[in-house]
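Containing mmCIF, C-alpha atoms and all ligand atoms: final28.cif.
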```
data_data
loop_
_atom_site.label_atom_id
_atom_site.label_comp_id
_atom_site.auth_asym_id
_atom_site.auth_seq_id
_atom_site.Cartn_x
_atom_site.Cartn_y
_atom_site.Cartn_z
CA MET C 332 -95.50 -62.78 140.82
CA THR C 333 -93.10 -62.14 137.95
CA ILE C 334 -93.50 -58.78 136.25
CA ASP C 335 -92.36 -59.26 132.66
CA LEU C 336 -91.65 -55.98 130.88
CA ARG C 337 -89.17 -57.33 128.31
CA SER C 338 -91.53 -56.82 125.40
CA ASP C 339 -95.15 -56.41 124.35
CA THR C 340 -94.75 -59.69 122.44
CA ILE C 341 -94.85 -61.85 125.58
CA THR C 342 -98.64 -61.68 126.07
CA ARG C 343 -100.82 -64.81 126.07
CA PRO C 344 -104.22 -64.95 124.37
CA THR C 345 -107.10 -63.88 126.62
CA GLN C 346 -110.04 -66.19 127.27
CA GLY C 347 -112.18 -64.26 124.77
CA MET C 348 -109.46 -64.49 122.14
CA LEU C 349 -109.05 -68.24 122.69
CA GLU C 350 -112.79 -68.73 122.31
CA ALA C 351 -112.74 -66.78 119.03
CA MET C 352 -109.88 -69.02 117.82
CA PHE C 353 -111.73 -72.21 118.75
CA ALA C 354 -114.83 -71.03 116.95
CA ALA C 355 -113.00 -70.03 113.73
CA LYS C 356 -114.23 -71.33 110.40
CA VAL C 357 -111.22 -72.38 108.34
CA GLY C 358 -110.17 -73.59 104.90
CA ASP C 359 -106.97 -73.78 102.86
CA ASP C 360 -105.68 -70.22 102.63
CA VAL C 361 -103.22 -71.12 99.85
CA PHE C 362 -106.36 -71.83 97.79
CA GLY C 363 -107.80 -68.53 99.09
CA GLU C 364 -110.44 -70.58 100.89
CA ASP C 365 -109.97 -69.68 104.53
CA PRO C 366 -112.97 -67.46 105.37
CA THR C 367 -111.40 -66.15 108.58
CA VAL C 368 -108.12 -65.12 106.92
CA ASN C 369 -110.14 -63.50 104.13
CA ALA C 370 -112.25 -61.63 106.69
CA LEU C 371 -109.14 -60.41 108.53
CA GLU C 372 -107.56 -59.16 105.30
CA ILE C 373 -110.74 -57.37 104.22
CA LYS C 374 -111.10 -55.83 107.68
CA ALA C 375 -107.50 -54.60 107.69
CA ALA C 376 -107.82 -53.09 104.22
CA GLN C 377 -111.01 -51.29 105.29
CA ILE C 378 -109.50 -49.94 108.51
CA PHE C 379 -106.61 -48.40 106.56
CA GLY C 380 -108.73 -47.34 103.57
CA LYS C 381 -106.71 -49.37 101.05
CA GLU C 382 -107.72 -51.91 98.41
CA ALA C 383 -106.22 -55.05 99.93
CA ALA C 384 -104.23 -56.69 102.72
CA LEU C 385 -102.19 -59.84 103.23
CA TYR C 386 -101.77 -61.90 106.41
CA THR C 387 -98.17 -62.92 107.22
CA PRO C 388 -96.64 -65.06 109.99
CA SER C 389 -94.45 -62.22 111.32
CA GLY C 390 -93.77 -58.50 111.14
CA THR C 391 -90.32 -59.20 109.79
CA MET C 392 -91.80 -61.10 106.87
CA ALA C 393 -94.34 -58.32 106.27
CA ASN C 394 -91.57 -55.71 106.03
CA GLN C 395 -89.28 -57.91 103.96
CA ILE C 396 -92.03 -58.72 101.47
CA ALA C 397 -92.87 -55.02 101.11
CA ILE C 398 -89.21 -54.14 100.49
CA LYS C 399 -88.95 -57.00 97.98
CA VAL C 400 -91.99 -55.76 96.04
CA HIS C 401 -90.82 -52.13 95.99
CA THR C 402 -87.18 -52.69 94.99
CA HIS C 403 -84.87 -54.59 92.64
CA ALA C 404 -81.29 -55.74 93.31
CA GLY C 405 -78.98 -52.72 93.23
CA ASP C 406 -81.65 -50.27 94.39
CA GLU C 407 -81.29 -48.29 97.61
CA VAL C 408 -83.60 -47.96 100.61
CA ILE C 409 -83.58 -44.86 102.82
CA CYS C 410 -84.36 -45.34 106.53
CA ASP C 411 -83.29 -44.22 109.98
CA GLN C 412 -80.09 -45.76 111.40
CA THR C 413 -82.07 -47.40 114.23
CA ALA C 414 -84.71 -48.94 111.94
CA HIS C 415 -85.91 -52.45 112.69
CA ILE C 416 -85.76 -53.34 108.96
CA TYR C 417 -82.01 -52.63 109.03
CA ASN C 418 -80.96 -53.68 112.55
CA PHE C 419 -83.21 -56.56 113.57
CA GLU C 420 -84.21 -58.42 110.43
CA GLY C 421 -81.01 -60.40 109.92
CA GLY C 422 -79.67 -58.32 107.05
CA GLY C 423 -82.80 -59.23 105.12
CA ILE C 424 -82.74 -56.15 102.89
CA ALA C 425 -79.43 -57.33 101.42
CA LEU C 426 -80.24 -61.03 101.55
CA ASN C 427 -83.79 -60.98 100.18
CA SER C 428 -83.80 -57.92 97.95
CA GLY C 429 -80.12 -57.30 97.10
CA ALA C 430 -80.71 -53.66 97.94
CA SER C 431 -78.34 -51.27 99.71
CA VAL C 432 -79.40 -49.02 102.56
CA ARG C 433 -78.84 -45.31 103.20
CA LEU C 434 -79.03 -44.72 106.94
CA LEU C 435 -80.13 -41.32 108.23
CA LYS C 436 -79.54 -39.89 111.72
CA GLY C 437 -83.09 -39.14 112.78
CA ASP C 438 -84.44 -37.96 116.11
CA ARG C 439 -85.43 -41.01 118.20
CA GLY C 440 -85.89 -43.00 115.02
CA CYS C 441 -87.92 -40.37 113.15
CA ILE C 442 -86.40 -38.89 109.98
CA LYS C 443 -87.11 -35.56 108.28
CA ALA C 444 -88.14 -34.76 104.71
CA GLU C 445 -85.15 -32.48 104.25
CA GLU C 446 -82.68 -35.26 105.12
CA VAL C 447 -84.50 -37.68 102.84
CA ALA C 448 -84.21 -35.19 99.95
CA GLU C 449 -80.49 -34.72 100.62
CA ASN C 450 -79.85 -38.47 100.48
CA ILE C 451 -81.47 -39.37 97.18
CA ASN C 452 -78.83 -40.44 94.70
CA PRO C 453 -78.47 -38.65 91.35
CA THR C 454 -79.96 -40.66 88.46
CA GLU C 455 -76.55 -41.23 86.94
CA PHE C 456 -75.00 -44.65 86.37
CA HIS C 457 -72.39 -44.45 89.17
CA TYR C 458 -75.07 -44.53 91.83
CA ALA C 459 -77.42 -47.08 93.35
CA ARG C 460 -81.00 -46.25 92.39
CA THR C 461 -82.87 -44.76 95.34
CA LYS C 462 -86.26 -46.48 95.26
CA LEU C 463 -87.86 -46.64 98.67
CA VAL C 464 -88.22 -44.61 101.85
CA ALA C 465 -89.15 -46.69 104.90
CA LEU C 466 -90.42 -45.07 108.11
CA GLU C 467 -91.08 -46.76 111.46
CA ASN C 468 -94.05 -45.67 113.59
CA THR C 469 -93.85 -45.92 116.56
CA THR C 470 -90.09 -46.38 116.68
CA ASN C 471 -88.73 -49.34 118.63
CA LYS C 472 -85.12 -48.28 119.30
CA GLY C 473 -86.36 -44.70 119.41
CA GLY C 474 -88.35 -45.62 122.52
CA GLY C 475 -91.89 -45.53 121.19
CA ALA C 476 -91.66 -42.09 119.59
CA TYR C 477 -94.07 -41.33 116.74
CA TYR C 478 -94.22 -39.07 113.69
CA GLU C 479 -96.05 -35.80 113.29
CA PHE C 480 -98.29 -36.32 110.29
CA ALA C 481 -97.20 -32.99 108.77
CA GLU C 482 -93.64 -34.37 108.48
CA ILE C 483 -94.93 -37.55 106.82
CA GLU C 484 -96.76 -35.39 104.26
CA LYS C 485 -93.53 -33.51 103.54
CA ILE C 486 -91.66 -36.81 103.11
CA LYS C 487 -94.41 -37.95 100.73
CA GLU C 488 -93.91 -34.81 98.60
CA VAL C 489 -90.21 -35.64 98.32
CA CYS C 490 -91.11 -39.22 97.35
CA LEU C 491 -93.56 -38.09 94.67
CA LYS C 492 -91.06 -35.62 93.19
CA ASN C 493 -88.38 -38.32 93.00
CA ASN C 494 -90.47 -41.33 92.07
CA LEU C 495 -89.86 -43.16 95.37
CA LYS C 496 -92.19 -45.56 97.14
CA LEU C 497 -93.08 -44.94 100.78
CA HIS C 498 -93.43 -47.80 103.29
CA VAL C 499 -94.18 -47.65 107.00
CA ASP C 500 -93.18 -50.33 109.47
CA GLY C 501 -96.26 -49.97 111.63
CA ALA C 502 -95.50 -52.83 114.03
CA ARG C 503 -96.93 -50.49 116.69
CA ILE C 504 -99.01 -48.21 114.48
CA PHE C 505 -102.04 -48.35 116.77
CA ASN C 506 -99.88 -47.10 119.64
CA ALA C 507 -99.05 -44.05 117.52
CA LEU C 508 -102.65 -43.50 116.41
CA THR C 509 -103.85 -43.78 120.02
CA GLU C 510 -101.78 -40.71 120.85
CA THR C 511 -102.38 -38.66 117.68
CA GLU C 512 -106.07 -39.68 117.59
CA GLN C 513 -105.79 -39.83 113.80
CA ASN C 514 -108.05 -42.09 111.75
CA PRO C 515 -106.01 -45.04 110.34
CA ALA C 516 -107.34 -44.39 106.82
CA ASP C 517 -106.16 -40.77 106.91
CA PHE C 518 -102.80 -41.86 108.23
CA ALA C 519 -102.45 -44.50 105.51
CA LYS C 520 -103.03 -42.16 102.55
CA PRO C 521 -99.40 -41.20 101.83
CA PHE C 522 -98.12 -44.77 102.08
CA ASP C 523 -97.70 -47.34 99.31
CA SER C 524 -97.52 -50.07 101.95
CA ILE C 525 -98.11 -50.46 105.67
CA SER C 526 -97.06 -53.36 107.89
CA VAL C 527 -98.90 -53.94 111.16
CA CYS C 528 -98.11 -56.42 113.97
CA LEU C 529 -101.05 -58.18 115.60
CA SER C 530 -98.69 -59.90 118.05
CA LYS C 531 -97.32 -56.80 119.81
CA GLY C 532 -99.58 -54.47 121.78
CA LEU C 533 -102.70 -55.97 120.23
CA GLY C 534 -102.04 -59.26 122.03
CA ALA C 535 -102.49 -61.88 119.28
CA PRO C 536 -100.17 -64.89 119.60
CA ILE C 537 -99.03 -64.81 115.96
CA GLY C 538 -99.40 -62.72 112.87
CA SER C 539 -98.91 -59.48 111.00
CA LEU C 540 -100.48 -57.75 108.02
CA ILE C 541 -99.30 -55.85 104.98
CA ILE C 542 -101.73 -53.39 103.46
CA GLY C 543 -101.65 -51.64 100.07
CA ASP C 544 -103.30 -51.45 96.66
CA ASN C 545 -104.35 -54.52 94.64
CA ASP C 546 -101.23 -54.60 92.44
CA PHE C 547 -98.96 -54.37 95.47
CA ILE C 548 -100.79 -57.15 97.31
CA THR C 549 -100.76 -59.41 94.22
CA ASP C 550 -96.96 -59.15 94.15
CA ALA C 551 -96.76 -59.46 97.94
CA ARG C 552 -98.81 -62.67 97.82
CA ARG C 553 -96.31 -64.15 95.36
CA PHE C 554 -93.32 -63.25 97.56
CA ARG C 555 -95.10 -64.53 100.69
CA LYS C 556 -95.18 -67.92 98.92
CA VAL C 557 -91.53 -67.61 97.89
CA PHE C 558 -90.53 -66.73 101.49
CA GLY C 559 -92.41 -69.78 102.79
CA GLY C 560 -95.09 -67.77 104.54
CA ALA C 561 -98.22 -69.05 102.78
CA MET C 562 -100.18 -71.03 105.37
CA ARG C 563 -103.09 -73.47 105.22
CA GLN C 564 -105.88 -73.42 107.87
CA ALA C 565 -104.49 -70.16 109.24
CA GLY C 566 -107.96 -68.99 110.21
CA TYR C 567 -107.39 -70.33 113.72
CA ILE C 568 -104.71 -67.70 114.29
CA ALA C 569 -106.29 -65.06 112.04
CA ALA C 570 -109.33 -65.22 114.35
CA ALA C 571 -107.07 -63.95 117.13
CA GLY C 572 -106.12 -61.06 114.85
CA ILE C 573 -109.74 -60.13 114.20
CA TYR C 574 -110.46 -60.34 117.92
CA ALA C 575 -107.43 -58.12 118.65
CA LEU C 576 -108.54 -55.45 116.15
CA ASP C 577 -112.04 -55.49 117.64
CA ASN C 578 -111.10 -55.53 121.32
CA HIS C 579 -107.52 -54.49 122.02
CA ILE C 580 -107.00 -51.15 120.31
CA GLU C 581 -108.84 -48.89 122.74
CA ARG C 582 -107.04 -50.30 125.75
CA LEU C 583 -103.60 -49.25 124.43
CA ALA C 584 -104.13 -45.91 126.20
CA GLN C 585 -103.86 -47.83 129.48
CA ASP C 586 -100.45 -49.23 128.44
CA HIS C 587 -99.29 -45.69 127.68
CA LEU C 588 -100.48 -44.39 131.05
CA ASN C 589 -98.73 -47.30 132.82
CA ALA C 590 -95.52 -46.59 130.89
CA ARG C 591 -95.60 -42.93 131.91
CA ILE C 592 -96.03 -43.91 135.58
CA ILE C 593 -93.10 -46.35 135.28
CA GLY C 594 -91.03 -43.55 133.75
CA ASP C 595 -91.87 -41.29 136.71
CA ILE C 596 -90.96 -44.00 139.24
CA LEU C 597 -87.62 -44.67 137.53
CA SER C 598 -86.70 -41.01 137.20
CA ILE C 599 -86.35 -40.62 141.01
CA LEU C 600 -83.93 -43.55 141.41
CA PRO C 601 -80.36 -42.58 142.33
CA GLN C 602 -79.01 -45.14 139.79
CA VAL C 603 -80.92 -43.63 136.88
CA LYS C 604 -79.33 -40.79 134.93
CA HIS C 605 -82.10 -40.03 132.47
CA VAL C 606 -85.46 -41.43 131.41
CA LEU C 607 -86.30 -40.63 127.79
CA PRO C 608 -89.67 -38.90 127.44
CA VAL C 609 -92.33 -41.63 127.42
CA HIS C 610 -94.53 -41.21 124.33
CA THR C 611 -96.34 -44.56 124.14
CA ASN C 612 -95.75 -47.99 125.75
CA ILE C 613 -91.94 -48.07 125.74
CA VAL C 614 -89.73 -46.75 128.53
CA ILE C 615 -86.03 -46.34 127.78
CA PHE C 616 -83.66 -45.08 130.45
CA ASN C 617 -79.93 -44.50 130.87
CA LEU C 618 -78.05 -45.53 134.00
CA LYS C 619 -75.27 -43.63 135.75
CA ASP C 620 -71.85 -44.99 134.81
CA ASN C 621 -71.37 -46.84 138.12
CA ILE C 622 -73.93 -49.47 137.12
CA THR C 623 -74.30 -51.27 133.78
CA SER C 624 -77.58 -52.40 132.28
CA ALA C 625 -76.51 -56.04 132.84
CA GLU C 626 -76.06 -55.41 136.59
CA PHE C 627 -79.23 -53.37 136.88
CA LEU C 628 -81.23 -56.06 135.06
CA ARG C 629 -79.77 -58.72 137.37
CA LYS C 630 -80.99 -56.75 140.40
CA LEU C 631 -84.39 -56.32 138.78
CA LYS C 632 -84.57 -60.05 138.14
CA GLU C 633 -83.87 -60.77 141.81
CA ILE C 634 -87.04 -58.86 142.69
CA GLY C 635 -89.06 -60.56 139.95
CA ILE C 636 -88.98 -57.81 137.33
CA LEU C 637 -87.76 -58.52 133.80
CA GLY C 638 -86.53 -55.93 131.29
CA SER C 639 -84.13 -55.87 128.35
CA SER C 640 -80.75 -54.29 127.70
CA PHE C 641 -80.67 -51.62 125.00
CA GLY C 642 -76.96 -50.81 125.34
CA LYS C 643 -74.23 -50.91 128.00
CA TYR C 644 -76.01 -48.35 130.20
CA THR C 645 -79.45 -48.41 128.63
CA VAL C 646 -82.51 -50.44 129.64
CA ARG C 647 -85.90 -50.86 127.95
CA LEU C 648 -89.19 -51.73 129.63
CA VAL C 649 -92.40 -52.23 127.63
CA THR C 650 -95.97 -52.25 128.96
CA HIS C 651 -98.62 -54.54 127.50
CA LEU C 652 -101.93 -56.37 127.83
CA ASP C 653 -100.69 -58.76 130.54
CA PHE C 654 -99.32 -55.96 132.76
CA SER C 655 -102.04 -55.16 135.30
CA THR C 656 -102.62 -52.32 137.76
CA GLU C 657 -101.77 -54.80 140.52
CA MET C 658 -98.40 -55.40 138.84
CA LEU C 659 -97.81 -51.67 138.52
CA ASN C 660 -98.33 -51.26 142.28
CA GLU C 661 -96.00 -54.20 142.96
CA PHE C 662 -93.45 -52.72 140.55
CA GLU C 663 -93.40 -49.45 142.47
CA LYS C 664 -93.17 -51.16 145.86
CA ARG C 665 -90.34 -53.51 144.86
CA ILE C 666 -88.36 -50.88 142.97
CA LYS C 667 -88.51 -48.32 145.76
CA ALA C 668 -87.62 -50.89 148.44
CA THR C 669 -84.59 -52.07 146.46
CA PHE C 670 -83.15 -48.95 144.84
CA CYS C 671 -84.13 -46.05 147.11
CA LYS C 672 -82.25 -47.23 150.21
C1 LIG A 1 -91.32 -56.41 116.44
C2 LIG A 1 -91.07 -55.48 115.31
C3 LIG A 1 -91.07 -55.94 113.98
C4 LIG A 1 -91.11 -57.40 113.58
O1 LIG A 1 -92.01 -58.18 114.14
P1 LIG A 1 -91.79 -59.78 114.31
O2 LIG A 1 -93.20 -60.24 114.29
O3 LIG A 1 -91.10 -59.95 115.62
O4 LIG A 1 -91.01 -60.30 113.15
C5 LIG A 1 -90.90 -55.01 112.99
N1 LIG A 1 -90.72 -53.72 113.27
C6 LIG A 1 -90.71 -53.23 114.52
C7 LIG A 1 -90.50 -51.77 114.74
C8 LIG A 1 -90.87 -54.09 115.59
O5 LIG A 1 -90.83 -53.61 116.84
#
```

Mind turning the file's structure into structure tokens?
Ligand SMILES: *Cc1c(COP(=O)(O)O)cnc(C)c1O
Amino acid sequence: MTIDLRSDTITRPTQGMLEAMFAAKVGDDVFGEDPTVNALEIKAAQIFGKEAALYTPSGTMANQIAIKVHTHAGDEVICDQTAHIYNFEGGGIALNSGASVRLLKGDRGCIKAEEVAENINPTEFHYARTKLVALENTTNKGGGAYYEFAEIEKIKEVCLKNNLKLHVDGARIFNALTETEQNPADFAKPFDSISVCLSKGLGAPIGSLIIGDNDFITDARRFRKVFGGAMRQAGYIAAAGIYALDNHIERLAQDHLNARIIGDILSILPQVKHVLPVHTNIVIFNLKDNITSAEFLRKLKEIGILGSSFGKYTVRLVTHLDFSTEMLNEFEKRIKATFCK
């Protein structure tokens, strides 16, 4: 039995999800005629208390479209230095939007209102025009950390005072909301746009959403076409998204519990220097300097456990829908037998 903890994107559709996909009613979504895509978009808008939503093939496209709508070439985006939009989207902010980026040193990927305020350029012609603040919640490189809502409200005040838009990369937003127990619509209020991945912890095979007001989504729909992301009978995959929103949110708490147990198991290993506090479904740990992440991952692979390198001495493990209690028990047994000798 292979225990794959590389990412929460590796899950396969469940039987129930596959049945929902098979049963989907479809039409041409470029004509606005796919009833299942339309239902997914309406559902997403309602969950987050916004006017509209747009289905996209990936989270990267969702973020890049949002940035494109909010900025013009020569504008500047403020985000944390570890942000996915900056590090893992192929330089898309520069390539797609011609915008520059101001990177802040946040705490585990979370930035503060005060730092945002200090990094807004003066409105004088020497400077790039600061236009957008982009948060990430939960943070990927930050190891699944999430924002306190009070800080988001402070950031929003800074945005309002300085005429900036506020976007959140919510690839794992339901992981954050599981912990804070906040209603998605309350969370969404300060944001001009929200991106959400259906293909991470929620277990859909494909798909993300962008959510915002009608004007924003009208522009986003245009750029989705420009980026090549307008699809035809997409209802077959959108049905998986609807199923995921209906069935796979509540169970995220189980992923978080499993991640905390994994963190506890790792923290007693002689090879492990430090496990970052486990907030949601991501476990990041640092190794002692006599073993690199490449070597540690090789040893893990020999015992049928897969993880990913997050630096020379840093490893990331992610729990998900296809990681069972049986696998957790196996994980503990194999790890202890191999590393606690
Ligand atoms: C995975 C991820 C994305 C992008 O999702 P893709 O569907 O892989 O393009 C965006 N932001 C964060 C924080 C992510 O973890």

Pairwise distance for atom CA of Thr623 of chain C and atom CA of Tyr644 of chain C, rounded to one decimal in Å
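Going from atom CA of Thr623 of chain C over to atom CA of Tyr644 of chain C, I get 4.9 Å.
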
Chain C near ligand LIG 1 (chain A) within 9 Å: what's each residue's closest atom pair and its distance in Å to one decimal, counting all atoms listed in the file, ordered by chain then ascending residue number, as JSON lines?
```
{"residue": "C:Ser338", "atom": "CA", "partner": "A:LIG1", "partner_atom": "C1", "distance": 9.0}
{"residue": "C:Asp339", "atom": "CA", "partner": "A:LIG1", "partner_atom": "C1", "distance": 8.8}
{"residue": "C:Thr340", "atom": "CA", "partner": "A:LIG1", "partner_atom": "C1", "distance": 7.7}
{"residue": "C:Pro388", "atom": "CA", "partner": "A:LIG1", "partner_atom": "O2", "distance": 7.3}
{"residue": "C:Ser389", "atom": "CA", "partner": "A:LIG1", "partner_atom": "O2", "distance": 3.8}
{"residue": "C:Gly390", "atom": "CA", "partner": "A:LIG1", "partner_atom": "O1", "distance": 3.5}
{"residue": "C:Thr391", "atom": "CA", "partner": "A:LIG1", "partner_atom": "O4", "distance": 3.6}
{"residue": "C:Met392", "atom": "CA", "partner": "A:LIG1", "partner_atom": "O4", "distance": 6.4}
{"residue": "C:Ala393", "atom": "CA", "partner": "A:LIG1", "partner_atom": "O4", "distance": 7.9}
{"residue": "C:Asn394", "atom": "CA", "partner": "A:LIG1", "partner_atom": "C5", "distance": 7.0}
{"residue": "C:Ala414", "atom": "CA", "partner": "A:LIG1", "partner_atom": "C7", "distance": 7.0}
{"residue": "C:His415", "atom": "CA", "partner": "A:LIG1", "partner_atom": "N1", "distance": 5.0}
{"residue": "C:Ile416", "atom": "CA", "partner": "A:LIG1", "partner_atom": "N1", "distance": 6.6}
{"residue": "C:Phe419", "atom": "CA", "partner": "A:LIG1", "partner_atom": "C5", "distance": 7.9}
{"residue": "C:Glu420", "atom": "CA", "partner": "A:LIG1", "partner_atom": "O4", "distance": 7.6}
{"residue": "C:Glu467", "atom": "CA", "partner": "A:LIG1", "partner_atom": "C7", "distance": 6.0}
{"residue": "C:Asn468", "atom": "CA", "partner": "A:LIG1", "partner_atom": "C7", "distance": 7.2}
{"residue": "C:Thr469", "atom": "CA", "partner": "A:LIG1", "partner_atom": "C7", "distance": 7.0}
{"residue": "C:Thr470", "atom": "CA", "partner": "A:LIG1", "partner_atom": "C7", "distance": 5.7}
{"residue": "C:Asn471", "atom": "CA", "partner": "A:LIG1", "partner_atom": "C7", "distance": 4.9}
{"residue": "C:Lys472", "atom": "CA", "partner": "A:LIG1", "partner_atom": "C7", "distance": 7.9}
{"residue": "C:Asp500", "atom": "CA", "partner": "A:LIG1", "partner_atom": "N1", "distance": 5.7}
{"residue": "C:Gly501", "atom": "CA", "partner": "A:LIG1", "partner_atom": "C7", "distance": 6.8}
{"residue": "C:Ala502", "atom": "CA", "partner": "A:LIG1", "partner_atom": "C6", "distance": 4.8}
{"residue": "C:Arg503", "atom": "CA", "partner": "A:LIG1", "partner_atom": "C7", "distance": 6.8}
{"residue": "C:Ser526", "atom": "CA", "partner": "A:LIG1", "partner_atom": "C5", "distance": 8.2}
{"residue": "C:Val527", "atom": "CA", "partner": "A:LIG1", "partner_atom": "C5", "distance": 8.3}
{"residue": "C:Cys528", "atom": "CA", "partner": "A:LIG1", "partner_atom": "O2", "distance": 6.2}
{"residue": "C:Leu529", "atom": "CA", "partner": "A:LIG1", "partner_atom": "O2", "distance": 8.2}
{"residue": "C:Ser530", "atom": "CA", "partner": "A:LIG1", "partner_atom": "O2", "distance": 6.7}
{"residue": "C:Lys531", "atom": "CA", "partner": "A:LIG1", "partner_atom": "C1", "distance": 6.9}
{"residue": "C:Ile537", "atom": "CA", "partner": "A:LIG1", "partner_atom": "O2", "distance": 7.6}
{"residue": "C:Gly538", "atom": "CA", "partner": "A:LIG1", "partner_atom": "O2", "distance": 6.8}
{"residue": "C:Ser539", "atom": "CA", "partner": "A:LIG1", "partner_atom": "O2", "distance": 6.6}
```

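Using only C-alpha atoms, the shortest contact distance between Arg555 of chain C and any of C:Leu540, C:Val614, C:Ile451, C:Ala459 is found at C:Leu540.
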
9 Å contact set for Asp360 of chain C, only C-alpha atoms, chain neighbours under 3 positions out, as a PyMOL selection string:
chain C and resi 357+363-366+368-369+561-566

Near-Ala397 of chain C list (12 Å; all atoms listed in the file; drop same-chain fewer than 4 positions) as an mmCIF file with C-alpha atoms, in the coordinates of the input:
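Output contents, as saved in result_8.cif:
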```cif
data_model
loop_
_atom_site.group_PDB
_atom_site.id
_atom_site.type_symbol
_atom_site.label_atom_id
_atom_site.label_comp_id
_atom_site.auth_asym_id
_atom_site.auth_seq_id
_atom_site.Cartn_x
_atom_site.Cartn_y
_atom_site.Cartn_z
ATOM 1 C CA ALA C 384 -104.230 -56.690 102.720
ATOM 2 C CA LEU C 385 -102.190 -59.840 103.230
ATOM 3 C CA THR C 387 -98.170 -62.920 107.220
ATOM 4 C CA GLY C 390 -93.770 -58.500 111.140
ATOM 5 C CA THR C 391 -90.320 -59.200 109.790
ATOM 6 C CA MET C 392 -91.800 -61.100 106.870
ATOM 7 C CA ALA C 393 -94.340 -58.320 106.270
ATOM 8 C CA HIS C 401 -90.820 -52.130 95.990
ATOM 9 C CA THR C 402 -87.180 -52.690 94.990
ATOM 10 C CA HIS C 403 -84.870 -54.590 92.640
ATOM 11 C CA VAL C 408 -83.600 -47.960 100.610
ATOM 12 C CA ILE C 416 -85.760 -53.340 108.960
ATOM 13 C CA GLY C 423 -82.800 -59.230 105.120
ATOM 14 C CA ILE C 424 -82.740 -56.150 102.890
ATOM 15 C CA ASN C 427 -83.790 -60.980 100.180
ATOM 16 C CA SER C 428 -83.800 -57.920 97.950
ATOM 17 C CA LEU C 463 -87.860 -46.640 98.670
ATOM 18 C CA VAL C 464 -88.220 -44.610 101.850
ATOM 19 C CA ALA C 465 -89.150 -46.690 104.900
ATOM 20 C CA LYS C 496 -92.190 -45.560 97.140
ATOM 21 C CA LEU C 497 -93.080 -44.940 100.780
ATOM 22 C CA HIS C 498 -93.430 -47.800 103.290
ATOM 23 C CA VAL C 499 -94.180 -47.650 107.000
ATOM 24 C CA ASP C 500 -93.180 -50.330 109.470
ATOM 25 C CA PHE C 522 -98.120 -44.770 102.080
ATOM 26 C CA ASP C 523 -97.700 -47.340 99.310
ATOM 27 C CA SER C 524 -97.520 -50.070 101.950
ATOM 28 C CA ILE C 525 -98.110 -50.460 105.670
ATOM 29 C CA SER C 526 -97.060 -53.360 107.890
ATOM 30 C CA VAL C 527 -98.900 -53.940 111.160
ATOM 31 C CA LEU C 540 -100.480 -57.750 108.020
ATOM 32 C CA ILE C 541 -99.300 -55.850 104.980
ATOM 33 C CA ILE C 542 -101.730 -53.390 103.460
ATOM 34 C CA GLY C 543 -101.650 -51.640 100.070
ATOM 35 C CA ASP C 544 -103.300 -51.450 96.660
ATOM 36 C CA PHE C 547 -98.960 -54.370 95.470
ATOM 37 C CA ILE C 548 -100.790 -57.150 97.310
ATOM 38 C CA THR C 549 -100.760 -59.410 94.220
ATOM 39 C CA ASP C 550 -96.960 -59.150 94.150
ATOM 40 C CA ALA C 551 -96.760 -59.460 97.940
ATOM 41 C CA ARG C 552 -98.810 -62.670 97.820
ATOM 42 C CA ARG C 553 -96.310 -64.150 95.360
ATOM 43 C CA PHE C 554 -93.320 -63.250 97.560
ATOM 44 C CA ARG C 555 -95.100 -64.530 100.690
ATOM 45 C CA PHE C 558 -90.530 -66.730 101.490
#
```

What separates atom CA of Ala404 of chain C and atom CA of Thr461 of chain C is a distance of 11.3 Å
